[in-house]
file start_11.cif (mmCIF, C-alpha atoms)
data_structure
#
loop_
_atom_site.group_PDB
_atom_site.id
_atom_site.type_symbol
_atom_site.label_atom_id
_atom_site.label_comp_id
_atom_site.auth_asym_id
_atom_site.auth_seq_id
_atom_site.Cartn_x
_atom_site.Cartn_y
_atom_site.Cartn_z
ATOM 1 C CA MET G 1 66.441 -101.993 138.074
ATOM 2 C CA ASN G 2 68.168 -101.985 134.685
ATOM 3 C CA LYS G 3 66.403 -103.668 131.822
ATOM 4 C CA PRO G 4 68.212 -106.908 130.806
ATOM 5 C CA PHE G 5 69.963 -107.048 127.450
ATOM 6 C CA HIS G 6 67.947 -108.641 124.663
ATOM 7 C CA VAL G 7 69.736 -111.169 122.420
ATOM 8 C CA HIS G 8 68.464 -112.851 119.263
ATOM 9 C CA ILE G 9 69.847 -116.360 118.763
ATOM 10 C CA VAL G 10 69.561 -117.571 115.163
ATOM 11 C CA ASP G 11 70.332 -121.249 114.582
ATOM 12 C CA ALA G 12 68.597 -123.832 112.406
ATOM 13 C CA GLU G 13 69.281 -126.580 114.974
ATOM 14 C CA ARG G 14 66.612 -126.459 117.665
ATOM 15 C CA ALA G 15 68.785 -128.267 120.231
ATOM 16 C CA ASN G 16 71.499 -125.619 119.849
ATOM 17 C CA ARG G 17 68.987 -122.784 120.155
ATOM 18 C CA ASP G 18 67.335 -124.238 123.220
ATOM 19 C CA ALA G 19 70.644 -124.898 124.996
ATOM 20 C CA LEU G 20 71.927 -121.356 124.405
ATOM 21 C CA CYS G 21 68.594 -119.798 125.335
ATOM 22 C CA ALA G 22 68.491 -121.685 128.631
ATOM 23 C CA TYR G 23 72.096 -120.763 129.459
ATOM 24 C CA PHE G 24 71.736 -117.067 128.619
ATOM 25 C CA GLU G 25 68.404 -116.690 130.404
ATOM 26 C CA ALA G 26 69.958 -118.285 133.490
ATOM 27 C CA HIS G 27 72.569 -115.509 133.330
ATOM 28 C CA GLY G 28 70.080 -112.670 133.189
ATOM 29 C CA LEU G 29 69.632 -112.037 129.451
ATOM 30 C CA THR G 30 66.371 -111.858 127.541
ATOM 31 C CA VAL G 31 66.548 -114.194 124.548
ATOM 32 C CA THR G 32 64.485 -114.560 121.371
ATOM 33 C CA PRO G 33 65.233 -117.770 119.411
ATOM 34 C CA MET G 34 64.910 -117.818 115.615
ATOM 35 C CA GLU G 35 65.511 -120.602 113.110
ATOM 36 C CA SER G 36 66.531 -118.658 110.001
ATOM 37 C CA ALA G 37 68.193 -115.464 108.795
ATOM 38 C CA ALA G 38 65.024 -114.600 106.881
ATOM 39 C CA GLU G 39 63.067 -114.653 110.151
ATOM 40 C CA LEU G 40 65.673 -112.408 111.764
ATOM 41 C CA LEU G 41 65.498 -109.829 108.971
ATOM 42 C CA ARG G 42 61.697 -109.922 109.067
ATOM 43 C CA ARG G 43 61.434 -109.415 112.841
ATOM 44 C CA ILE G 44 64.510 -107.406 113.816
ATOM 45 C CA HIS G 45 62.842 -103.993 113.618
ATOM 46 C CA ARG G 46 59.712 -105.082 115.504
ATOM 47 C CA TYR G 47 61.602 -106.956 118.221
ATOM 48 C CA ARG G 48 64.776 -104.915 118.418
ATOM 49 C CA PRO G 49 67.721 -106.791 120.010
ATOM 50 C CA ASP G 50 70.823 -105.407 121.665
ATOM 51 C CA LEU G 51 72.884 -108.115 119.956
ATOM 52 C CA VAL G 52 72.476 -110.982 117.475
ATOM 53 C CA ILE G 53 74.180 -114.383 117.715
ATOM 54 C CA MET G 54 73.889 -116.174 114.397
ATOM 55 C CA ASP G 55 75.144 -119.348 112.756
ATOM 56 C CA ALA G 56 77.304 -118.309 109.797
ATOM 57 C CA ALA G 57 76.130 -121.264 107.664
ATOM 58 C CA LEU G 58 72.347 -121.131 108.005
ATOM 59 C CA PRO G 59 70.416 -122.893 105.227
ATOM 60 C CA GLY G 60 68.944 -120.575 102.608
ATOM 61 C CA LEU G 61 70.151 -117.093 103.444
ATOM 62 C CA SER G 62 73.359 -117.645 105.389
ATOM 63 C CA GLY G 63 74.318 -115.791 108.536
ATOM 64 C CA VAL G 64 77.195 -114.134 106.670
ATOM 65 C CA GLN G 65 74.820 -112.908 103.948
ATOM 66 C CA ALA G 66 72.321 -111.664 106.538
ATOM 67 C CA CYS G 67 75.084 -109.742 108.322
ATOM 68 C CA GLN G 68 76.172 -108.186 105.032
ATOM 69 C CA ARG G 69 72.578 -107.165 104.290
ATOM 70 C CA LEU G 70 72.139 -105.544 107.697
ATOM 71 C CA ARG G 71 75.308 -103.489 107.224
ATOM 72 C CA ALA G 72 74.302 -102.504 103.685
ATOM 73 C CA GLU G 73 71.028 -101.173 105.112
ATOM 74 C CA GLY G 74 72.931 -99.125 107.691
ATOM 75 C CA ASP G 75 71.941 -101.334 110.637
ATOM 76 C CA ARG G 76 74.762 -101.411 113.190
ATOM 77 C CA VAL G 77 73.247 -103.936 115.605
ATOM 78 C CA PRO G 78 76.166 -105.944 117.061
ATOM 79 C CA VAL G 79 76.493 -109.394 115.462
ATOM 80 C CA ILE G 80 78.469 -112.418 116.641
ATOM 81 C CA LEU G 81 78.777 -115.181 114.048
ATOM 82 C CA LEU G 82 79.305 -118.840 114.946
ATOM 83 C CA SER G 83 81.160 -120.889 112.349
ATOM 84 C CA ALA G 84 81.893 -124.602 112.200
ATOM 85 C CA ARG G 85 84.524 -123.740 109.573
ATOM 86 C CA ASN G 86 87.235 -122.249 111.741
ATOM 87 C CA GLU G 87 89.753 -121.550 108.977
ATOM 88 C CA GLU G 88 91.318 -118.111 108.594
ATOM 89 C CA ILE G 89 89.521 -117.345 105.319
ATOM 90 C CA ASP G 90 86.140 -118.005 106.953
ATOM 91 C CA ARG G 91 86.925 -115.796 109.947
ATOM 92 C CA VAL G 92 88.153 -112.996 107.712
ATOM 93 C CA LEU G 93 85.080 -113.280 105.461
ATOM 94 C CA GLY G 94 82.752 -112.973 108.431
ATOM 95 C CA LEU G 95 84.584 -109.885 109.680
ATOM 96 C CA GLU G 96 84.634 -108.369 106.187
ATOM 97 C CA MET G 97 80.868 -108.707 106.049
ATOM 98 C CA GLY G 98 80.583 -106.599 109.207
ATOM 99 C CA ALA G 99 80.469 -109.108 112.062
ATOM 100 C CA ASP G 100 81.662 -107.733 115.405
ATOM 101 C CA ASP G 101 83.108 -111.055 116.512
ATOM 102 C CA LEU G 102 83.330 -114.633 115.258
ATOM 103 C CA LEU G 103 83.601 -117.821 117.289
ATOM 104 C CA GLY G 104 84.238 -121.374 116.116
ATOM 105 C CA LYS G 105 81.700 -124.150 116.687
ATOM 106 C CA PRO G 106 81.325 -126.063 118.897
ATOM 107 C CA CYS G 107 81.978 -123.392 121.494
ATOM 108 C CA SER G 108 81.742 -123.052 125.232
ATOM 109 C CA PRO G 109 78.562 -121.214 126.307
ATOM 110 C CA ARG G 110 80.656 -119.555 129.002
ATOM 111 C CA GLU G 111 83.104 -118.163 126.429
ATOM 112 C CA LEU G 112 80.268 -117.076 124.164
ATOM 113 C CA LEU G 113 78.621 -115.245 127.063
ATOM 114 C CA ALA G 114 81.932 -113.472 127.760
ATOM 115 C CA ARG G 115 82.125 -112.459 124.090
ATOM 116 C CA VAL G 116 78.554 -111.145 124.260
ATOM 117 C CA HIS G 117 79.339 -108.945 127.248
ATOM 118 C CA ALA G 118 82.554 -107.697 125.609
ATOM 119 C CA VAL G 119 80.770 -106.721 122.388
ATOM 120 C CA LEU G 120 77.940 -105.067 124.319
ATOM 121 C CA ARG G 121 80.456 -103.006 126.305
ATOM 122 C CA ARG G 122 82.117 -101.822 123.098
ATOM 123 C CA SER G 123 78.797 -100.990 121.459
ATOM 124 C CA ILE G 124 77.689 -98.862 124.410
ATOM 125 C CA VAL G 125 80.932 -97.304 125.645
ATOM 126 C CA PRO G 126 83.467 -95.975 123.123
ATOM 127 C CA PRO G 127 86.923 -97.536 123.405
ATOM 128 C CA GLY G 128 89.178 -95.709 125.837
ATOM 129 C CA LEU G 129 87.700 -92.252 125.471
ATOM 130 C CA PRO G 130 85.943 -89.317 126.823
ATOM 131 C CA MET G 131 85.498 -88.783 123.101
ATOM 132 C CA LEU G 132 81.738 -88.281 123.044
ATOM 133 C CA ALA G 133 82.270 -84.634 124.020
ATOM 134 C CA MET G 134 84.678 -84.073 121.123
ATOM 135 C CA ALA G 135 83.688 -82.122 118.049
ATOM 136 C CA PRO G 136 83.436 -84.078 114.794
ATOM 137 C CA VAL G 137 86.861 -84.870 113.344
ATOM 138 C CA PRO G 138 87.455 -83.951 109.675
ATOM 139 C CA ILE G 139 88.802 -86.730 107.484
ATOM 140 C CA GLY G 140 89.078 -85.384 103.965
ATOM 141 C CA THR G 141 85.609 -84.450 102.741
ATOM 142 C CA LEU G 142 83.964 -86.352 105.610
ATOM 143 C CA GLN G 143 83.392 -85.690 109.289
ATOM 144 C CA PHE G 144 83.783 -88.442 111.856
ATOM 145 C CA ASP G 145 80.961 -87.788 114.322
ATOM 146 C CA ILE G 146 82.080 -89.574 117.465
ATOM 147 C CA ALA G 147 78.792 -89.158 119.328
ATOM 148 C CA SER G 148 76.642 -90.672 116.573
ATOM 149 C CA ARG G 149 79.336 -93.182 115.536
ATOM 150 C CA CYS G 150 78.941 -92.127 111.909
ATOM 151 C CA LEU G 151 80.822 -90.619 109.003
ATOM 152 C CA VAL G 152 79.001 -87.556 107.679
ATOM 153 C CA GLN G 153 79.321 -86.196 104.135
ATOM 154 C CA GLY G 154 77.077 -83.575 102.614
ATOM 155 C CA GLY G 155 74.373 -84.208 105.192
ATOM 156 C CA GLN G 156 74.410 -87.958 104.559
ATOM 157 C CA LEU G 157 75.218 -90.358 107.391
ATOM 158 C CA HIS G 158 77.371 -93.430 106.802
ATOM 159 C CA VAL G 159 76.907 -95.733 109.778
ATOM 160 C CA LEU G 160 79.995 -97.577 110.997
ATOM 161 C CA SER G 161 79.939 -101.076 112.385
ATOM 162 C CA THR G 162 81.056 -101.527 115.977
ATOM 163 C CA VAL G 163 84.461 -102.814 114.855
ATOM 164 C CA GLU G 164 84.999 -100.031 112.299
ATOM 165 C CA TYR G 165 84.013 -97.433 114.872
ATOM 166 C CA ALA G 166 86.322 -98.857 117.544
ATOM 167 C CA VAL G 167 89.329 -98.952 115.209
ATOM 168 C CA LEU G 168 88.736 -95.464 113.803
ATOM 169 C CA ALA G 169 88.069 -93.981 117.253
ATOM 170 C CA GLU G 170 91.324 -95.420 118.598
ATOM 171 C CA LEU G 171 93.286 -94.009 115.661
ATOM 172 C CA VAL G 172 91.595 -90.586 115.749
ATOM 173 C CA ALA G 173 92.230 -90.355 119.496
ATOM 174 C CA ASN G 174 95.970 -90.647 118.745
ATOM 175 C CA PRO G 175 96.659 -88.478 115.668
ATOM 176 C CA GLY G 176 100.176 -88.740 114.362
ATOM 177 C CA VAL G 177 100.919 -91.692 116.643
ATOM 178 C CA ALA G 178 101.659 -95.200 115.399
ATOM 179 C CA VAL G 179 99.060 -97.487 117.016
ATOM 180 C CA SER G 180 99.930 -101.177 117.090
ATOM 181 C CA ARG G 181 97.670 -103.761 115.526
ATOM 182 C CA GLU G 182 97.547 -105.546 118.895
ATOM 183 C CA ARG G 183 96.175 -102.398 120.536
ATOM 184 C CA LEU G 184 93.614 -101.926 117.773
ATOM 185 C CA LEU G 185 92.593 -105.577 118.082
ATOM 186 C CA SER G 186 92.124 -105.164 121.827
ATOM 187 C CA ALA G 187 89.996 -102.038 121.294
ATOM 188 C CA SER G 188 87.796 -103.579 118.625
ATOM 189 C CA HIS G 189 87.432 -107.247 119.580
ATOM 190 C CA SER G 190 87.081 -109.321 122.693
ATOM 191 C CA ARG G 191 90.256 -111.099 123.775
ATOM 192 C CA ALA G 192 90.317 -114.585 122.329
ATOM 193 C CA GLU G 193 92.844 -117.118 121.127
ATOM 194 C CA GLY G 194 92.788 -117.637 117.395
ATOM 195 C CA LEU G 195 91.496 -114.173 116.532
ATOM 196 C CA LEU G 196 94.089 -112.981 114.072
ATOM 197 C CA LEU G 197 95.615 -109.547 113.693
ATOM 198 C CA ARG G 198 94.319 -109.828 110.137
ATOM 199 C CA ALA G 199 90.953 -108.757 111.570
ATOM 200 C CA VAL G 200 92.428 -105.287 112.140
ATOM 201 C CA ASP G 201 93.687 -105.146 108.558
ATOM 202 C CA VAL G 202 90.203 -106.031 107.330
ATOM 203 C CA ALA G 203 88.645 -103.219 109.379
ATOM 204 C CA VAL G 204 91.200 -100.685 108.115
ATOM 205 C CA MET G 205 90.617 -101.745 104.513
ATOM 206 C CA ARG G 206 86.873 -101.212 104.962
ATOM 207 C CA LEU G 207 87.487 -97.795 106.526
ATOM 208 C CA ARG G 208 89.814 -96.778 103.711
ATOM 209 C CA LYS G 209 87.089 -97.531 101.186
ATOM 210 C CA ARG G 210 84.914 -95.075 103.089
ATOM 211 C CA VAL G 211 87.327 -92.206 103.798
ATOM 212 C CA GLU G 212 90.179 -92.296 101.300
ATOM 213 C CA PRO G 213 89.995 -90.645 97.848
ATOM 214 C CA ASP G 214 92.240 -93.506 96.654
ATOM 215 C CA PRO G 215 92.196 -96.493 99.049
ATOM 216 C CA ALA G 216 95.240 -97.936 97.258
ATOM 217 C CA GLN G 217 97.239 -94.811 98.198
ATOM 218 C CA PRO G 218 95.937 -93.969 101.683
ATOM 219 C CA ARG G 219 96.323 -90.378 102.843
ATOM 220 C CA TYR G 220 94.622 -90.400 106.252
ATOM 221 C CA LEU G 221 94.888 -93.992 107.502
ATOM 222 C CA GLN G 222 98.483 -94.969 106.880
ATOM 223 C CA THR G 223 100.240 -98.252 107.536
ATOM 224 C CA ILE G 224 103.292 -98.359 109.764
ATOM 225 C CA ARG G 225 105.009 -101.403 108.358
ATOM 226 C CA GLY G 226 105.629 -104.133 110.893
ATOM 227 C CA HIS G 227 103.723 -102.264 113.616
ATOM 228 C CA GLY G 228 100.234 -100.987 112.918
ATOM 229 C CA TYR G 229 98.472 -97.870 111.644
ATOM 230 C CA MET G 230 98.467 -94.093 112.050
ATOM 231 C CA PHE G 231 95.796 -91.450 111.569
ATOM 232 C CA VAL G 232 97.310 -88.460 109.744
ATOM 233 C CA PRO G 233 94.858 -85.537 109.764
ATOM 234 C CA ALA G 234 94.965 -82.940 107.013
ATOM 235 C CA ALA G 235 95.447 -80.090 109.511
ATOM 236 C CA PRO G 236 98.644 -79.899 111.592
ATOM 237 C CA ILE G 237 98.464 -80.472 115.357
ATOM 238 C CA ASP G 238 99.708 -77.652 117.600
ATOM 239 C CA GLY G 239 101.240 -75.952 114.588
ATOM 240 C CA ALA G 240 103.489 -78.889 113.751
ATOM 241 C CA ALA G 241 103.049 -80.817 110.540
ATOM 242 C CA LEU G 242 102.424 -84.515 110.924
ATOM 243 C CA PRO G 243 104.448 -87.006 108.921
ATOM 244 C CA LEU G 244 103.039 -88.117 105.599
ATOM 245 C CA GLN G 245 104.160 -90.984 103.428
ATOM 246 C CA ARG G 246 107.721 -90.399 102.333
ATOM 247 C CA SER G 247 109.641 -92.041 99.575
ATOM 248 C CA ARG G 248 112.813 -93.837 100.510
ATOM 249 C CA ARG G 249 114.788 -91.283 98.491
ATOM 250 C CA SER G 250 113.755 -88.510 100.906
ATOM 251 C CA THR G 251 115.495 -90.181 103.900
ATOM 252 C CA PRO G 252 118.877 -88.501 104.448
ATOM 253 C CA THR G 253 121.914 -90.747 104.307
ATOM 254 C CA GLY G 254 122.900 -91.885 107.774
ATOM 255 C CA ALA G 255 119.611 -90.767 109.347
ATOM 256 C CA ALA G 256 117.972 -93.097 111.833
ATOM 257 C CA ALA G 257 115.457 -95.284 110.090
ATOM 258 C CA SER G 258 111.850 -94.595 110.978
ATOM 259 C CA PRO G 259 108.955 -97.036 110.567
ATOM 260 C CA SER G 260 107.868 -97.080 106.931
ATOM 261 C CA MET G 261 104.285 -96.217 106.072
ATOM 262 C CA ASN G 262 102.562 -98.036 103.257
ATOM 263 C CA SER G 263 99.151 -99.348 102.354
ATOM 264 C CA VAL G 264 98.085 -102.768 103.560
#
call {"tool": "encode", "arguments": {"input": "start_11.cif", "output": "C-alpha cells"}}
result
Amino acid sequence: MNKPFHVHIVDAERANRDALCAYFEAHGLTVTPMESAAELLRRIHRYRPDLVIMDAALPGLSGVQACQRLRAEGDRVPVILLSARNEEIDRVLGLEMGADDLLGKPCSPRELLARVHAVLRRSIVPPGLPMLAMAPVPIGTLQFDIASRCLVQGGQLHVLSTVEYAVLAELVANPGVAVSRERLLSASHSRAEGLLLRAVDVAVMRLRKRVEPDPAQPRYLQTIRGHGYMFVPAAPIDGAALPLQRSRRSTPTGAAASPSMNSV
C-alpha cells in the first residue's frame, strides 16, 4: 500500500488548523499542524512534508517571507499560500516569492484539496513529457537538467521551484514554437478562476534572471507579443536556424506579419 502524502498546515488560528487537519485526514492525507512560520522552518527538515499549506499573513515571520526563505535556501518543497487579501498584487507577490499556488481565504476545503492534489501531481510527474530520459538542455552557460529539475552551471546546482520547472520544461519541450500563456498556466498551476495569466509572466521573469546574460534583452526565453513565450536555443534544430528577435526594419515590405518577440 502506498504511503499517504504528508502535508504541513501552518496557520495561527487553531480553529482553522483543526478544521483543515480533520478534512484532509478524512481524505487519506497525513497532516502535521503548526502555528507559525518559525516552527515550520525549525521542523521542516526533521519532519519532511510532501507539501506545505501556509497562511500568507502569519504573525511574526509571514508565510510569504517563509516561502521566500525556503526558496533562497534551495528548498523546492511545494507550497500553497492562503491569503485573505485576494488582490492581484498580493497573488503576484506570493508567486514571485516562489509559491506553487495561491488561494484566497476563506476557501472551500474541497477546492483546497483539489489544489493540493494538482500541485503534488506536478511536483512528481513533469508536465506533459517523457522528458526525464532527455539529456540536459544547454541554455547559454547553463544546463537544464530535466531529471534533477535543476539548472547546472560550473558544477553548481540552482534548484527550480515547481512552477519555474513546469514553465521551463514546457518551453524546452517545444523549441522554436510559440507557447501560449494559457498553456503555460495550465502546465504550471492548477485550474482555478481568478488565477491570472500574470502568474506566467512572473515565472518567466524569474527564469530570465537565472538564465539570461541580460534579462532586459532576453536571448533564450523570448516573448511572443499578444500570445506567450518561445524557447530559442543557441544551436539550430535539424540544421535550420530558429528565429531570433528581429527589428521591425528587417521585415520586408509586404511580407506577412509574424508575431513580434519582445521582453515582458
call {"tool": "closest_residue", "arguments": {"input": "start_11.cif", "among": "G:Ile44, G:Val177, G:Ala234, G:Ala56", "to": "Arg85 in chain G", "atoms": "only C-alpha atoms"}}
result
G:Ala56
call {"tool": "atom_distance", "arguments": {"input": "start_11.cif", "atom1": "CA of Ile224 in chain G", "atom2": "CA of Arg183 in chain G"}}
result
13.5 Å
call {"tool": "closest_residue", "arguments": {"input": "start_11.cif", "among": "G:Ile139, G:Leu112, G:Gly154, G:Arg149", "to": "Arg219 in chain G", "atoms": "all atoms listed in the file"}}
result
G:Ile139
call {"tool": "resolve_selection", "arguments": {"input": "start_11.cif", "expression": "the PyMOL selection byres ((chain G and resi 182) around 12)", "output": "PyMOL selection string"}}
result
chain G and resi 167+170+178-181+183-191+195-201+226-229
call {"tool": "resolve_selection", "arguments": {"input": "start_11.cif", "expression": "the PyMOL selection byres ((chain G and resi 28) around 12)", "output": "list in words"}}
result
Asn2, Lys3, Pro4, Phe5, His6, Val7, Cys21, Ala22, Tyr23, Phe24, Glu25, Ala26, His27, Leu29, Thr30, Val31, Leu113 and His117 of chain G
call {"tool": "atom_distance", "arguments": {"input": "start_11.cif", "atom1": "CA of Met34 in chain G", "atom2": "CA of Ala166 in chain G"}}
result
28.7 Å
call {"tool": "atom_distance", "arguments": {"input": "start_11.cif", "atom1": "CA of Gly104 in chain G", "atom2": "CA of Arg42 in chain G"}}
result
26.2 Å
call {"tool": "residues_near_point", "arguments": {"input": "start_11.cif", "point": "(68.4, -120.3, 107.7)", "cutoff": "7 Å", "atoms": "only C-alpha atoms", "output": "short mmCIF file (atom, residue, chain, number, x, y, z; two decimals) with C-alpha atoms, keeping the file's coordinate frame"}}
result
data_model
loop_
_atom_site.label_atom_id
_atom_site.label_comp_id
_atom_site.auth_asym_id
_atom_site.auth_seq_id
_atom_site.Cartn_x
_atom_site.Cartn_y
_atom_site.Cartn_z
CA ALA G 12 68.60 -123.83 112.41
CA GLU G 35 65.51 -120.60 113.11
CA SER G 36 66.53 -118.66 110.00
CA ALA G 37 68.19 -115.46 108.80
CA ALA G 38 65.02 -114.60 106.88
CA LEU G 58 72.35 -121.13 108.00
CA PRO G 59 70.42 -122.89 105.23
CA GLY G 60 68.94 -120.58 102.61
CA LEU G 61 70.15 -117.09 103.44
CA SER G 62 73.36 -117.64 105.39
#
call {"tool": "resolve_selection", "arguments": {"input": "start_11.cif", "expression": "the PyMOL selection byres ((chain G and resi 84) around 9)", "output": "list in words"}}
result
Asp55, Ala56, Ala57, Leu82, Ser83, Arg85, Asn86, Leu103, Gly104, Lys105 and Pro106 of chain G
call {"tool": "closest_residue", "arguments": {"input": "start_11.cif", "among": "G:Pro78, G:Pro218, G:Pro233, G:Pro109", "to": "Leu142 in chain G", "atoms": "only C-alpha atoms"}}
result
G:Pro233
call {"tool": "residues_near_point", "arguments": {"input": "start_11.cif", "point": "(65.2, -106.4, 119.0)", "cutoff": "10 Å", "atoms": "all atoms listed in the file", "output": "list in words"}}
result
Phe5, His6, Val7, His8, Val31, Thr32, Leu40, Arg43, Ile44, His45, Arg46, Tyr47, Arg48, Pro49, Asp50, Leu51, Val52 and Val77 of chain G
call {"tool": "write_last_selection", "arguments": {"input": "start_11.cif", "atoms": "C-alpha atoms", "output": "compact mmCIF listing (two decimals), in the coordinates of the input"}}
result
# COMPACT_ATOMS: atom_id res chain seq x y z
CA PHE G 5 69.96 -107.05 127.45
CA HIS G 6 67.95 -108.64 124.66
CA VAL G 7 69.74 -111.17 122.42
CA HIS G 8 68.46 -112.85 119.26
CA VAL G 31 66.55 -114.19 124.55
CA THR G 32 64.48 -114.56 121.37
CA LEU G 40 65.67 -112.41 111.76
CA ARG G 43 61.43 -109.42 112.84
CA ILE G 44 64.51 -107.41 113.82
CA HIS G 45 62.84 -103.99 113.62
CA ARG G 46 59.71 -105.08 115.50
CA TYR G 47 61.60 -106.96 118.22
CA ARG G 48 64.78 -104.92 118.42
CA PRO G 49 67.72 -106.79 120.01
CA ASP G 50 70.82 -105.41 121.66
CA LEU G 51 72.88 -108.12 119.96
CA VAL G 52 72.48 -110.98 117.48
CA VAL G 77 73.25 -103.94 115.60
call {"tool": "closest_residue", "arguments": {"input": "start_11.cif", "among": "G:Met54, G:Ile146, G:Leu41, G:Val159", "to": "Arg71 in chain G", "atoms": "all atoms listed in the file"}}
result
G:Val159
